[in-house]
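Structure file structure08.txt with compact mmCIF, C-alpha atoms:
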# COMPACT_ATOMS: atom_id res chain seq x y z
CA MET K 16 -30.42 -47.61 -27.02
CA GLY K 17 -31.76 -48.62 -23.65
CA LYS K 18 -30.02 -48.84 -20.31
CA VAL K 19 -28.91 -52.10 -18.73
CA ILE K 20 -29.23 -51.93 -14.96
CA VAL K 21 -28.14 -54.73 -12.64
CA VAL K 22 -30.09 -55.06 -9.38
CA THR K 23 -27.79 -56.51 -6.76
CA SER K 24 -27.04 -56.56 -3.04
CA GLY K 25 -24.46 -59.14 -2.00
CA LYS K 26 -26.63 -60.42 0.81
CA GLY K 27 -29.69 -62.54 0.11
CA GLY K 28 -33.22 -61.74 1.18
CA VAL K 29 -32.98 -57.95 1.11
CA GLY K 30 -35.40 -57.52 -1.78
CA LYS K 31 -33.49 -57.73 -5.08
CA THR K 32 -36.15 -59.78 -6.81
CA THR K 33 -39.05 -57.82 -5.31
CA SER K 34 -37.36 -54.59 -6.38
CA THR K 35 -36.69 -55.87 -9.89
CA ALA K 36 -40.28 -57.02 -10.34
CA ASN K 37 -41.76 -53.80 -9.01
CA LEU K 38 -39.39 -51.43 -10.80
CA GLY K 39 -39.80 -53.34 -14.07
CA THR K 40 -43.58 -53.15 -13.76
CA ALA K 41 -43.48 -49.50 -12.65
CA LEU K 42 -41.30 -48.51 -15.62
CA ALA K 43 -43.73 -50.28 -17.97
CA LEU K 44 -46.67 -48.54 -16.28
CA ILE K 45 -45.15 -45.16 -17.09
CA GLY K 46 -44.83 -46.15 -20.73
CA LYS K 47 -41.33 -47.58 -21.05
CA THR K 48 -40.44 -50.85 -22.74
CA VAL K 49 -38.73 -53.10 -20.22
CA VAL K 50 -37.14 -56.55 -20.13
CA VAL K 51 -36.46 -58.07 -16.74
CA ILE K 52 -33.82 -60.81 -16.76
CA ASP K 53 -33.54 -63.41 -14.04
CA ALA K 54 -29.82 -64.06 -13.68
CA ASP K 55 -30.27 -66.44 -10.76
CA VAL K 56 -29.64 -69.60 -12.76
CA GLY K 57 -30.71 -72.70 -10.85
CA LEU K 58 -32.66 -70.75 -8.20
CA ARG K 59 -35.00 -68.67 -10.27
CA ASN K 60 -37.62 -66.57 -8.46
CA LEU K 61 -38.41 -63.55 -10.58
CA ASP K 62 -40.97 -65.44 -12.66
CA VAL K 63 -42.78 -66.50 -9.48
CA VAL K 64 -42.85 -62.99 -8.01
CA MET K 65 -44.17 -61.64 -11.32
CA GLY K 66 -46.76 -64.39 -11.63
CA LEU K 67 -45.34 -65.61 -14.96
CA GLU K 68 -44.05 -69.00 -13.82
CA ASN K 69 -46.52 -71.12 -15.76
CA ARG K 70 -45.89 -69.33 -19.05
CA ILE K 71 -42.17 -69.98 -19.36
CA VAL K 72 -41.28 -72.12 -22.37
CA TYR K 73 -37.70 -71.10 -23.08
CA THR K 74 -35.00 -69.70 -20.80
CA SER K 75 -31.77 -67.76 -21.28
CA MET K 76 -29.96 -71.12 -21.37
CA ASP K 77 -31.95 -72.12 -24.47
CA VAL K 78 -30.94 -68.84 -26.11
CA ILE K 79 -27.27 -69.37 -25.27
CA ASP K 80 -27.35 -72.94 -26.56
CA ASN K 81 -29.07 -71.76 -29.76
CA ARG K 82 -32.23 -73.75 -29.11
CA CYS K 83 -34.38 -70.67 -29.71
CA GLU K 84 -34.31 -67.03 -30.77
CA LEU K 85 -33.97 -64.45 -28.02
CA THR K 86 -37.28 -62.77 -28.92
CA ARG K 87 -39.12 -66.09 -28.64
CA ALA K 88 -37.75 -66.70 -25.15
CA LEU K 89 -39.22 -63.45 -23.82
CA VAL K 90 -42.41 -63.93 -21.80
CA LYS K 91 -44.89 -61.06 -22.18
CA ASP K 92 -46.58 -59.75 -19.06
CA ARG K 93 -50.18 -59.33 -20.22
CA ARG K 94 -51.19 -56.98 -17.40
CA VAL K 95 -49.08 -54.11 -18.70
CA GLU K 96 -47.88 -53.05 -22.13
CA GLY K 97 -44.16 -53.27 -22.84
CA LEU K 98 -43.00 -55.61 -20.06
CA THR K 99 -41.27 -58.91 -20.80
CA LEU K 100 -39.33 -61.46 -18.78
CA LEU K 101 -36.32 -63.54 -19.73
CA ALA K 102 -36.35 -66.45 -17.31
CA ALA K 103 -33.40 -68.35 -15.92
CA SER K 104 -32.96 -72.05 -16.40
CA GLN K 105 -33.82 -74.10 -13.36
CA LYS K 106 -31.94 -77.18 -14.57
CA ASN K 107 -28.51 -75.60 -14.97
CA ASN K 108 -26.17 -73.93 -12.56
CA LYS K 109 -24.42 -70.61 -12.53
CA ASP K 110 -21.18 -71.79 -14.09
CA ASP K 111 -22.98 -72.94 -17.25
CA ILE K 112 -23.19 -69.31 -18.39
CA GLN K 113 -20.20 -67.13 -19.25
CA PRO K 114 -20.12 -63.35 -18.69
CA GLU K 115 -19.65 -62.73 -22.44
CA GLN K 116 -22.82 -64.70 -23.24
CA MET K 117 -24.81 -62.68 -20.72
CA LYS K 118 -23.33 -59.49 -22.11
CA ALA K 119 -24.38 -60.47 -25.64
CA ILE K 120 -27.97 -61.02 -24.49
CA CYS K 121 -28.04 -57.63 -22.73
CA GLU K 122 -26.63 -55.91 -25.83
CA GLU K 123 -29.28 -57.42 -28.08
CA LEU K 124 -32.12 -56.57 -25.69
CA ARG K 125 -31.07 -52.97 -25.11
CA SER K 126 -31.26 -52.18 -28.81
CA ASN K 127 -35.06 -52.38 -28.81
CA ASN K 128 -36.01 -51.69 -25.18
CA ASP K 129 -35.76 -48.63 -22.93
CA PHE K 130 -34.68 -50.59 -19.87
CA VAL K 131 -33.10 -53.99 -19.22
CA LEU K 132 -33.19 -54.88 -15.51
CA VAL K 133 -30.98 -57.80 -14.47
CA ASP K 134 -31.94 -59.51 -11.20
CA SER K 135 -28.64 -60.67 -9.72
CA PRO K 136 -28.30 -63.69 -7.45
CA ALA K 137 -26.95 -63.19 -3.93
CA GLY K 138 -23.24 -63.64 -3.44
CA ILE K 139 -20.14 -62.31 -5.14
CA GLU K 140 -19.29 -65.33 -7.25
CA SER K 141 -19.87 -66.21 -10.90
CA GLY K 142 -23.64 -65.60 -10.71
CA PHE K 143 -23.08 -62.00 -9.68
CA ARG K 144 -20.31 -61.56 -12.24
CA ASN K 145 -22.59 -62.83 -15.01
CA ALA K 146 -25.37 -60.50 -13.92
CA ALA K 147 -23.08 -57.48 -13.82
CA ALA K 148 -21.25 -58.32 -17.06
CA GLY K 149 -23.56 -56.45 -19.41
CA ALA K 150 -24.64 -53.66 -17.05
CA ASP K 151 -23.92 -49.96 -17.47
CA GLU K 152 -25.58 -49.01 -14.21
CA ALA K 153 -26.37 -50.69 -10.92
CA LEU K 154 -29.01 -50.52 -8.24
CA VAL K 155 -27.59 -51.71 -4.94
CA VAL K 156 -30.41 -52.84 -2.65
CA THR K 157 -29.83 -52.92 1.09
CA THR K 158 -31.90 -53.11 4.22
CA PRO K 159 -30.97 -51.00 7.25
CA ASP K 160 -29.11 -53.73 9.13
CA VAL K 161 -25.37 -53.99 9.53
CA SER K 162 -24.82 -57.28 7.73
CA ALA K 163 -26.77 -56.16 4.65
CA ILE K 164 -24.93 -52.83 4.64
CA ARG K 165 -21.56 -54.58 4.92
CA ASP K 166 -22.39 -56.78 1.92
CA ALA K 167 -23.71 -53.80 -0.04
CA ASP K 168 -20.37 -52.09 0.61
CA ARG K 169 -18.50 -55.16 -0.61
CA ILE K 170 -20.58 -55.44 -3.77
CA THR K 171 -20.18 -51.69 -4.42
CA GLY K 172 -16.41 -52.11 -4.38
CA LEU K 173 -16.68 -54.96 -6.90
CA LEU K 174 -19.04 -52.98 -9.16
CA GLN K 175 -16.71 -49.98 -9.11
CA HIS K 176 -13.85 -52.29 -10.00
CA GLU K 177 -15.87 -53.50 -13.01
CA GLY K 178 -16.46 -49.90 -14.06
CA VAL K 179 -20.23 -49.95 -13.50
CA GLU K 180 -21.29 -46.32 -13.12
CA PRO K 181 -23.47 -44.80 -11.74
CA ILE K 182 -24.33 -46.99 -8.77
CA ASN K 183 -27.57 -45.98 -7.08
CA LEU K 184 -28.75 -47.12 -3.68
CA VAL K 185 -32.20 -48.45 -2.79
CA LEU K 186 -32.83 -48.59 0.95
CA ASN K 187 -35.46 -51.27 1.44
CA ARG K 188 -37.66 -52.26 4.37
CA LEU K 189 -37.04 -49.15 6.44
CA SER K 190 -39.27 -49.12 9.50
CA PRO K 191 -39.71 -45.55 10.79
CA GLU K 192 -40.90 -46.83 14.12
CA MET K 193 -37.74 -48.86 14.69
CA VAL K 194 -35.49 -46.00 13.61
CA ARG K 195 -37.23 -43.71 16.09
CA LYS K 196 -36.68 -46.23 18.87
CA GLY K 197 -33.02 -46.45 17.90
CA ASN K 198 -33.22 -50.13 16.95
CA MET K 199 -32.42 -49.62 13.30
CA VAL K 200 -29.64 -47.93 11.38
CA SER K 201 -30.97 -44.62 10.06
CA LYS K 202 -31.14 -43.60 6.42
CA ASP K 203 -28.45 -40.97 6.91
CA ASP K 204 -26.04 -43.45 8.51
CA VAL K 205 -26.47 -45.90 5.63
CA VAL K 206 -25.84 -43.20 3.04
CA ALA K 207 -22.84 -41.84 4.99
CA LEU K 208 -21.22 -45.25 5.09
CA LEU K 209 -21.93 -46.45 1.55
CA ASN K 210 -21.36 -43.02 -0.01
CA LEU K 211 -23.73 -43.77 -2.90
CA ASN K 212 -26.51 -41.76 -4.49
CA LEU K 213 -29.73 -42.70 -2.69
CA ILE K 214 -32.40 -43.21 -5.37
CA GLY K 215 -35.20 -44.30 -3.08
CA VAL K 216 -36.34 -45.50 0.32
CA VAL K 217 -38.94 -48.27 0.44
CA PRO K 218 -40.77 -48.61 3.76
CA GLU K 219 -41.36 -51.94 5.43
CA ASP K 220 -44.70 -53.21 4.15
CA ARG K 221 -46.42 -56.49 4.91
CA GLY K 222 -48.28 -56.13 1.63
CA VAL K 223 -45.07 -57.18 -0.12
CA ILE K 224 -45.40 -60.74 1.17
CA SER K 225 -48.97 -61.20 -0.03
CA SER K 226 -48.19 -59.58 -3.37
CA THR K 227 -45.24 -61.95 -3.79
CA ASN K 228 -47.39 -64.93 -2.98
CA ARG K 229 -50.08 -63.88 -5.43
CA GLY K 230 -47.58 -63.10 -8.16
CA ILE K 231 -48.85 -59.55 -8.58
CA PRO K 232 -46.20 -56.85 -8.09
CA LEU K 233 -47.26 -54.27 -5.53
CA VAL K 234 -47.13 -51.34 -7.95
CA HIS K 235 -50.21 -52.60 -9.82
CA ASP K 236 -52.20 -51.22 -6.90
CA ASN K 237 -50.67 -47.85 -6.10
CA SER K 238 -52.26 -47.49 -2.66
CA SER K 239 -49.44 -48.66 -0.36
CA GLN K 240 -46.46 -46.55 0.67
CA ALA K 241 -44.08 -49.21 -0.67
CA ALA K 242 -45.77 -49.20 -4.11
CA GLN K 243 -45.60 -45.42 -4.24
CA ALA K 244 -41.93 -45.54 -3.29
CA TYR K 245 -41.21 -47.96 -6.16
CA MET K 246 -43.14 -45.74 -8.59
CA ARG K 247 -41.02 -42.77 -7.54
CA ILE K 248 -37.79 -44.77 -8.01
CA ALA K 249 -38.94 -45.78 -11.50
CA LYS K 250 -39.58 -42.13 -12.38
CA ARG K 251 -36.15 -41.17 -11.04
CA LEU K 252 -34.61 -43.87 -13.24
CA THR K 253 -36.17 -42.14 -16.26
CA GLY K 254 -34.46 -38.92 -15.23
CA GLN K 255 -37.29 -37.17 -13.41
CA ARG K 256 -36.25 -35.22 -10.35
CA ILE K 257 -38.48 -36.21 -7.47
CA PRO K 258 -37.40 -35.53 -3.89
CA ILE K 259 -37.24 -38.41 -1.46
CA PRO K 260 -39.96 -37.84 1.15
CA GLU K 261 -39.37 -38.73 4.78
CA ILE K 262 -41.20 -41.93 5.62
CA ARG K 263 -43.80 -41.26 8.26
CA GLU K 264 -45.11 -43.65 10.81
CA LYS K 265 -48.68 -44.62 10.16
CA GLY K 266 -51.04 -42.67 12.35
CA PHE K 267 -54.21 -43.84 14.00
CA PHE K 268 -56.46 -42.61 11.19
CA SER K 269 -54.53 -44.14 8.32
CA ASN K 270 -54.61 -47.46 10.16
CA ILE K 271 -58.39 -47.21 10.43
CA LEU K 272 -58.71 -46.20 6.79
CA GLU K 273 -56.61 -49.15 5.75
CA TRP K 274 -58.73 -51.41 7.91
CA PHE K 275 -61.87 -50.36 6.06
CA SER K 276 -60.28 -50.54 2.63
CA GLY K 277 -59.15 -54.09 3.36
CA ASN K 278 -55.60 -53.09 2.58
CA ARG K 279 -53.89 -54.20 5.74
CA MET A 15 -8.62 -36.01 25.17
CA ASN A 16 -8.30 -32.28 25.34
CA GLN A 17 -4.93 -30.63 25.64
CA PRO A 18 -5.40 -27.59 27.84
CA LEU A 19 -1.73 -27.68 28.81
CA ALA A 20 -0.33 -27.45 25.28
CA GLY A 21 2.43 -24.91 25.05
CA VAL A 22 2.82 -24.44 28.80
CA SER A 23 6.42 -24.12 29.98
CA VAL A 24 7.37 -26.18 33.02
CA HIS A 25 10.36 -26.81 35.16
CA ILE A 26 10.59 -30.25 36.75
CA ASP A 27 11.72 -29.94 40.33
CA VAL A 28 12.36 -33.25 42.09
CA GLN A 29 12.75 -33.01 45.88
CA ALA A 30 14.22 -36.46 46.44
CA PRO A 31 16.49 -38.44 44.12
CA LEU A 32 14.01 -41.29 43.75
CA LEU A 33 13.78 -41.13 40.00
CA SER A 34 16.52 -42.34 37.76
CA GLU A 35 17.71 -40.28 34.82
CA ALA A 36 15.86 -42.61 32.50
CA ASP A 37 12.65 -42.09 34.46
CA LEU A 38 13.05 -38.35 34.22
CA ALA A 39 13.73 -38.55 30.51
CA ALA A 40 10.57 -40.61 30.08
CA LEU A 41 8.58 -38.13 32.17
CA LYS A 42 9.83 -35.25 30.08
CA LEU A 43 9.02 -37.06 26.87
CA GLU A 44 5.52 -37.86 28.11
CA LEU A 45 4.85 -34.24 29.11
CA GLN A 46 6.03 -33.05 25.72
CA ASP A 47 4.45 -35.67 23.52
CA THR A 48 1.19 -36.31 25.30
CA TYR A 49 0.39 -32.90 26.74
CA GLY A 50 2.33 -30.63 24.37
CA MET A 51 4.13 -28.96 27.29
CA VAL A 52 7.57 -27.40 27.01
CA VAL A 53 10.04 -28.70 29.59
CA ARG A 54 12.58 -25.96 30.32
CA GLY A 55 14.75 -27.91 32.68
CA ILE A 56 14.92 -30.52 35.41
CA ASN A 57 16.14 -29.88 38.95
CA ILE A 58 17.06 -32.72 41.24
CA ALA A 59 17.59 -31.96 44.92
CA ASP A 60 20.85 -33.47 46.20
CA LYS A 61 21.19 -35.46 49.39
CA THR A 62 21.67 -32.36 51.54
CA GLY A 63 18.32 -31.07 50.41
CA ASP A 64 19.67 -28.13 48.47
CA SER A 65 18.19 -27.46 45.14
CA ALA A 66 21.20 -28.04 43.00
CA ALA A 67 22.49 -28.10 39.49
CA SER A 68 19.97 -27.86 36.76
CA GLN A 69 20.15 -30.77 34.44
CA VAL A 70 18.50 -30.83 31.08
CA VAL A 71 17.81 -34.25 29.72
CA GLU A 72 18.35 -34.62 26.01
CA ARG A 73 15.24 -35.77 24.32
CA PRO A 74 15.69 -38.63 21.89
CA ARG A 75 14.07 -37.64 18.62
CA ALA A 76 14.81 -40.66 16.50
CA SER A 77 11.16 -40.95 15.61
CA ARG A 78 11.10 -37.82 13.51
CA PRO A 79 13.08 -37.69 10.28
CA ALA A 80 15.45 -34.78 9.92
CA ARG A 81 14.16 -31.86 7.92
CA GLY A 82 14.77 -32.54 4.25
CA ASP A 83 14.45 -36.30 4.51
CA ILE A 84 11.99 -37.71 2.02
CA GLU A 85 9.65 -40.45 3.17
CA LYS A 86 7.79 -42.50 0.64
CA THR A 87 4.05 -41.95 0.78
CA ARG A 88 1.25 -43.47 -1.23
CA VAL A 89 -1.89 -41.41 -1.78
CA VAL A 90 -5.13 -43.33 -2.41
CA ARG A 91 -7.91 -41.17 -3.80
CA GLU A 92 -10.87 -43.42 -3.06
CA THR A 93 -12.80 -45.11 -0.29
CA ILE A 94 -11.59 -48.53 0.83
CA ARG A 95 -14.70 -50.68 1.02
CA SER A 96 -15.43 -54.00 2.68
CA GLY A 97 -13.16 -56.73 1.31
CA GLN A 98 -10.70 -54.27 -0.17
CA THR A 99 -7.15 -53.82 1.12
CA GLU A 100 -4.44 -51.24 0.62
CA ASP A 101 -0.89 -52.18 1.65
CA PHE A 102 2.14 -49.93 1.44
CA PRO A 103 5.03 -51.46 3.42
CA GLU A 104 7.54 -48.96 1.95
CA GLY A 105 6.18 -45.87 3.68
CA ASN A 106 3.17 -43.82 4.73
CA LEU A 107 -0.35 -44.18 3.41
CA ILE A 108 -2.85 -41.37 2.94
CA ILE A 109 -6.46 -42.21 2.09
CA TYR A 110 -8.59 -39.45 0.54
CA GLY A 111 -11.80 -41.16 1.58
CA ASP A 112 -13.17 -43.56 4.14
CA VAL A 113 -12.04 -47.01 5.24
CA ASN A 114 -15.28 -48.93 5.69
CA PRO A 115 -15.89 -51.91 8.01
CA GLY A 116 -14.23 -54.97 6.47
CA GLY A 117 -11.68 -52.81 4.66
CA GLU A 118 -8.02 -52.97 5.71
CA VAL A 119 -5.18 -50.51 5.26
CA SER A 120 -1.55 -51.20 6.23
CA ALA A 121 1.58 -49.13 5.96
CA GLY A 122 5.21 -49.39 6.98
CA GLY A 123 4.92 -45.85 8.32
CA ASP A 124 1.90 -43.74 9.29
CA VAL A 125 -1.68 -44.29 8.16
CA ILE A 126 -3.66 -41.10 7.58
CA VAL A 127 -7.35 -41.28 6.70
CA LEU A 128 -8.91 -38.02 5.54
CA GLY A 129 -12.35 -39.42 6.18
CA SER A 130 -13.87 -41.98 8.52
CA LEU A 131 -11.77 -44.94 9.61
CA ARG A 132 -14.41 -47.61 10.33
CA GLY A 133 -12.41 -50.66 9.28
CA SER A 134 -8.95 -51.86 10.31
CA ALA A 135 -5.66 -50.00 10.09
CA HIS A 136 -2.11 -51.20 10.68
CA ALA A 137 0.67 -48.64 10.93
CA GLY A 138 4.33 -49.59 11.33
CA MET A 139 3.68 -52.99 9.78
CA ASN A 140 7.42 -53.71 9.71
CA GLY A 141 7.76 -53.03 13.41
CA LYS A 142 8.14 -49.25 13.48
CA LEU A 143 6.56 -48.41 16.84
CA THR A 144 6.76 -44.65 16.34
CA ALA A 145 4.25 -44.89 13.49
CA VAL A 146 0.84 -43.34 14.11
CA ILE A 147 -2.69 -43.64 12.76
CA VAL A 148 -4.61 -40.42 12.18
CA ALA A 149 -8.23 -40.15 11.02
CA MET A 150 -10.71 -37.30 10.75
CA ASN A 151 -13.25 -39.66 12.30
CA LEU A 152 -11.66 -42.57 14.15
CA VAL A 153 -14.22 -45.31 14.84
CA PRO A 154 -12.23 -48.40 13.82
CA LEU A 155 -12.94 -52.09 14.19
CA GLN A 156 -9.30 -52.60 15.08
CA LEU A 157 -6.06 -50.65 15.21
CA GLN A 158 -2.58 -52.10 14.98
CA ILE A 159 0.75 -50.34 15.39
CA GLY A 160 3.77 -52.60 15.04
CA ASN A 161 2.67 -55.71 16.87
CA TYR A 162 0.35 -53.90 19.30
CA ILE A 163 -3.34 -54.42 18.65
CA SER A 164 -6.22 -52.46 20.10
CA ARG A 165 -9.92 -52.34 19.54
CA PRO A 166 -12.29 -49.64 20.75
CA PHE A 167 -14.99 -50.13 23.34
CA VAL A 168 -18.18 -51.67 22.02
CA GLY A 169 -20.51 -48.94 20.84
CA GLN A 170 -17.75 -46.35 20.47
CA LYS A 171 -19.34 -43.28 18.90
CA SER A 172 -17.69 -40.71 16.71
CA ARG A 173 -16.32 -37.81 18.75
CA GLY A 174 -16.48 -35.30 15.96
CA TYR A 175 -12.83 -34.26 15.84
CA PRO A 176 -9.68 -35.74 14.29
CA GLU A 177 -7.85 -38.26 16.44
CA ILE A 178 -4.43 -39.85 16.55
CA ALA A 179 -3.47 -43.32 17.75
CA ARG A 180 0.08 -44.07 18.82
CA VAL A 181 1.98 -46.43 21.09
CA GLY A 182 2.25 -44.81 24.52
CA MET A 183 4.68 -45.26 27.38
CA GLN A 184 3.05 -48.36 28.83
CA ASP A 185 3.15 -50.24 25.54
CA VAL A 186 -0.53 -49.63 24.91
CA ILE A 187 -2.14 -47.88 22.00
CA ILE A 188 -3.35 -44.45 23.07
CA VAL A 189 -6.02 -42.57 21.14
CA GLU A 190 -6.39 -38.85 21.66
CA GLU A 191 -7.40 -35.66 19.91
CA PHE A 192 -5.07 -34.83 17.06
CA VAL A 193 -3.20 -31.62 17.78
CA LYS A 194 -0.57 -30.27 15.45
CA ARG A 195 2.99 -30.36 16.72
If you took the structure in this file and wrote it as structure tokens, what would it be?
Amino acid sequence: MGKVIVVTSGKGGVGKTTSTANLGTALALIGKTVVVIDADVGLRNLDVVMGLENRIVYTSMDVIDNRCELTRALVKDRRVEGLTLLAASQKNNKDDIQPEQMKAICEELRSNNDFVLVDSPAGIESGFRNAAAGADEALVVTTPDVSAIRDADRITGLLQHEGVEPINLVLNRLSPEMVRKGNMVSKDDVVALLNLNLIGVVPEDRGVISSTNRGIPLVHDNSSQAAQAYMRIAKRLTGQRIPIPEIREKGFFSNILEWFSGNR
Amino acid sequence: MNQPLAGVSVHIDVQAPLLSEADLAALKLELQDTYGMVVRGINIADKTGDSAASQVVERPRASRPARGDIEKTRVVRETIRSGQTEDFPEGNLIIYGDVNPGGEVSAGGDVIVLGSLRGSAHAGMNGKLTAVIVAMNLVPLQLQIGNYISRPFVGQKSRGYPEIARVGMQDVIIVEEFVKR
């Protein structure tokens, strides 16, 4: 029996979809079977970020309306063994799905996969409730700014109310330079306020934008700090104990190295 | 605020009868409540200038229940997060956790937070002005006691010791270091 993990944040734009795509890919890269579900009905993105947009034939809506079998609706990612996507319908809206229907899909998928990652839409309304309906665990993604932290706190309260446990925290887009200058909330302050288990810190990385635009999750090329951070989170999700390293500012030499490797 | 004068015994000696009895009672109360001093007695000089009869002003203690009285208290064993509320109009409220920004706690009596109070707290929600708010780390968005509202200065940092908020003599909410009575 696999684990169903909802990836959520409350606020939009903090990196739920990027995290889902990268963690799903990373888990598959270390040999797990993974299904990533886009629960953002009507505003789907996960397929785009994973570069699978043009291969979608059926969506979760077709499964719910009995137009196709669940296994046929899963889109295989050909770049890595064991990774599939269940896309969201673009033609429907969030109220067309009921929490029980989402839960049934999660239950069926967990029986023959190690991990089911559910990419939640922003907000605390029906879309979020559907996404969380079938989840045993949650990853709350936040960036180190007060509005994202406030929303993460709100969503944590709702998840606890639903009995989702454990809830792990992913701190995304941390810029060590800005923390040092005192312009950003520090890692310790975020953890002190949210009082959640920190499962990983992902540094700010401009590579994320180009990887999103190309539809190739960052972890396929393990050279950037952000990709390595996602790989470590994936390993922690499988139960490995890996300490969270302090994120360092890039020095002069690593900048030059990156310049020559074309990895800027 | 530190309380270096806590426990110090004083005698109030007034050289001219400018203060009314009510003023003196208020002064005594302030010395006792705010600074923890012990007022032994009050002397008022009479018109001839002689230091005359010692007069001890009775201190009204209506705010404290008599020993043995039972006050209703609700204990909440979790953190109050953004969007969550905890109301207990019937008595005091104790939170074994934090109150995060966007979270609200209200009580008819005192509000005690055994963690960080970063959200909003309302003590004495039915108008009890002797109610207090105590937190191990008091960095609230807003405090309310009875119908008095206060908010801290922008950028207020944690001071690292427990603090108490109460309604002071000038009808303002005073926040100071929590010292046991």
Exercise. Find the residues in chain K near chain A: any atom within 8 Å counts, using all atoms listed in the file. Write them as a count of residues only.
Key: 7
Practice problem: Mind checking which residues fall within 7 Å of Gln158 of chain A, counting only C-alpha atoms, ignoring those fewer than 5 positions away in the same chain, and posting them as a PyMOL selection string? | Solution: chain A and resi 135-137+163-164
Quiz item: Is there a way to get, as a VMD selection string, all residues within 7 Å of the point (-37.5, -48.4, 3.5) in file coordinates, counting only C-alpha atoms?
Solution: chain K and resid 186 to 190 216 to 219
Exercise. Go ahead and compute the interatomic distance for atom CA of Pro258 of chain K and atom CA of Ile214 of chain K, in Å to one decimal.
Key: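 A separation of 9.3 Å between them.
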Practice problem: Please identify all polymer residues within 9 Å of segment 73-76 of chain K, counting only C-alpha atoms, omitting same-chain residues fewer than 6 positions from it, and present them as an MDAnalysis selection string. | Solution: chainID K and resid 52:54 56 82:83 85 87:90 101:105 107 111:112 117 120
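Computed from the coordinates, the atom CA of Val185 of chain K to atom CA of Asp129 of chain K distance equals 20.5 Å.
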Practice problem: State, in Å with one decimal place, the distance from atom CA of Ala147 of chain K to atom CA of Leu184 of chain K. | Solution: 15.6 Å
Show which residues sit within 12 Å of Leu45 of chain A, as a PDB file with C-alpha atoms, in the frame of the given file. Count all atoms listed in the file, and ignore same-chain residues fewer than 5 positions away.
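Contents of out.pdb, freshly written:
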ATOM      1  CA  GLN A  17      -4.930 -30.630  25.640  1.00  0.00           C
ATOM      2  CA  LEU A  19      -1.730 -27.680  28.810  1.00  0.00           C
ATOM      3  CA  ALA A  20      -0.330 -27.450  25.280  1.00  0.00           C
ATOM      4  CA  GLY A  21       2.430 -24.910  25.050  1.00  0.00           C
ATOM      5  CA  VAL A  22       2.820 -24.440  28.800  1.00  0.00           C
ATOM      6  CA  SER A  23       6.420 -24.120  29.980  1.00  0.00           C
ATOM      7  CA  VAL A  24       7.370 -26.180  33.020  1.00  0.00           C
ATOM      8  CA  HIS A  25      10.360 -26.810  35.160  1.00  0.00           C
ATOM      9  CA  ILE A  26      10.590 -30.250  36.750  1.00  0.00           C
ATOM     10  CA  LEU A  38      13.050 -38.350  34.220  1.00  0.00           C
ATOM     11  CA  ALA A  39      13.730 -38.550  30.510  1.00  0.00           C
ATOM     12  CA  ALA A  40      10.570 -40.610  30.080  1.00  0.00           C
ATOM     13  CA  GLY A  50       2.330 -30.630  24.370  1.00  0.00           C
ATOM     14  CA  MET A  51       4.130 -28.960  27.290  1.00  0.00           C
ATOM     15  CA  VAL A  52       7.570 -27.400  27.010  1.00  0.00           C
ATOM     16  CA  VAL A  53      10.040 -28.700  29.590  1.00  0.00           C
ATOM     17  CA  ARG A  54      12.580 -25.960  30.320  1.00  0.00           C
ATOM     18  CA  ARG A  73      15.240 -35.770  24.320  1.00  0.00           C
ATOM     19  CA  GLY A 182       2.250 -44.810  24.520  1.00  0.00           C
ATOM     20  CA  MET A 183       4.680 -45.260  27.380  1.00  0.00           C
TER      21      MET A 183
END
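Minimum distance to Asn57 of chain A across A:Ile84, A:Glu35, A:Leu43, A:Thr99 (counting all atoms listed in the file) occurs at A:Glu35.
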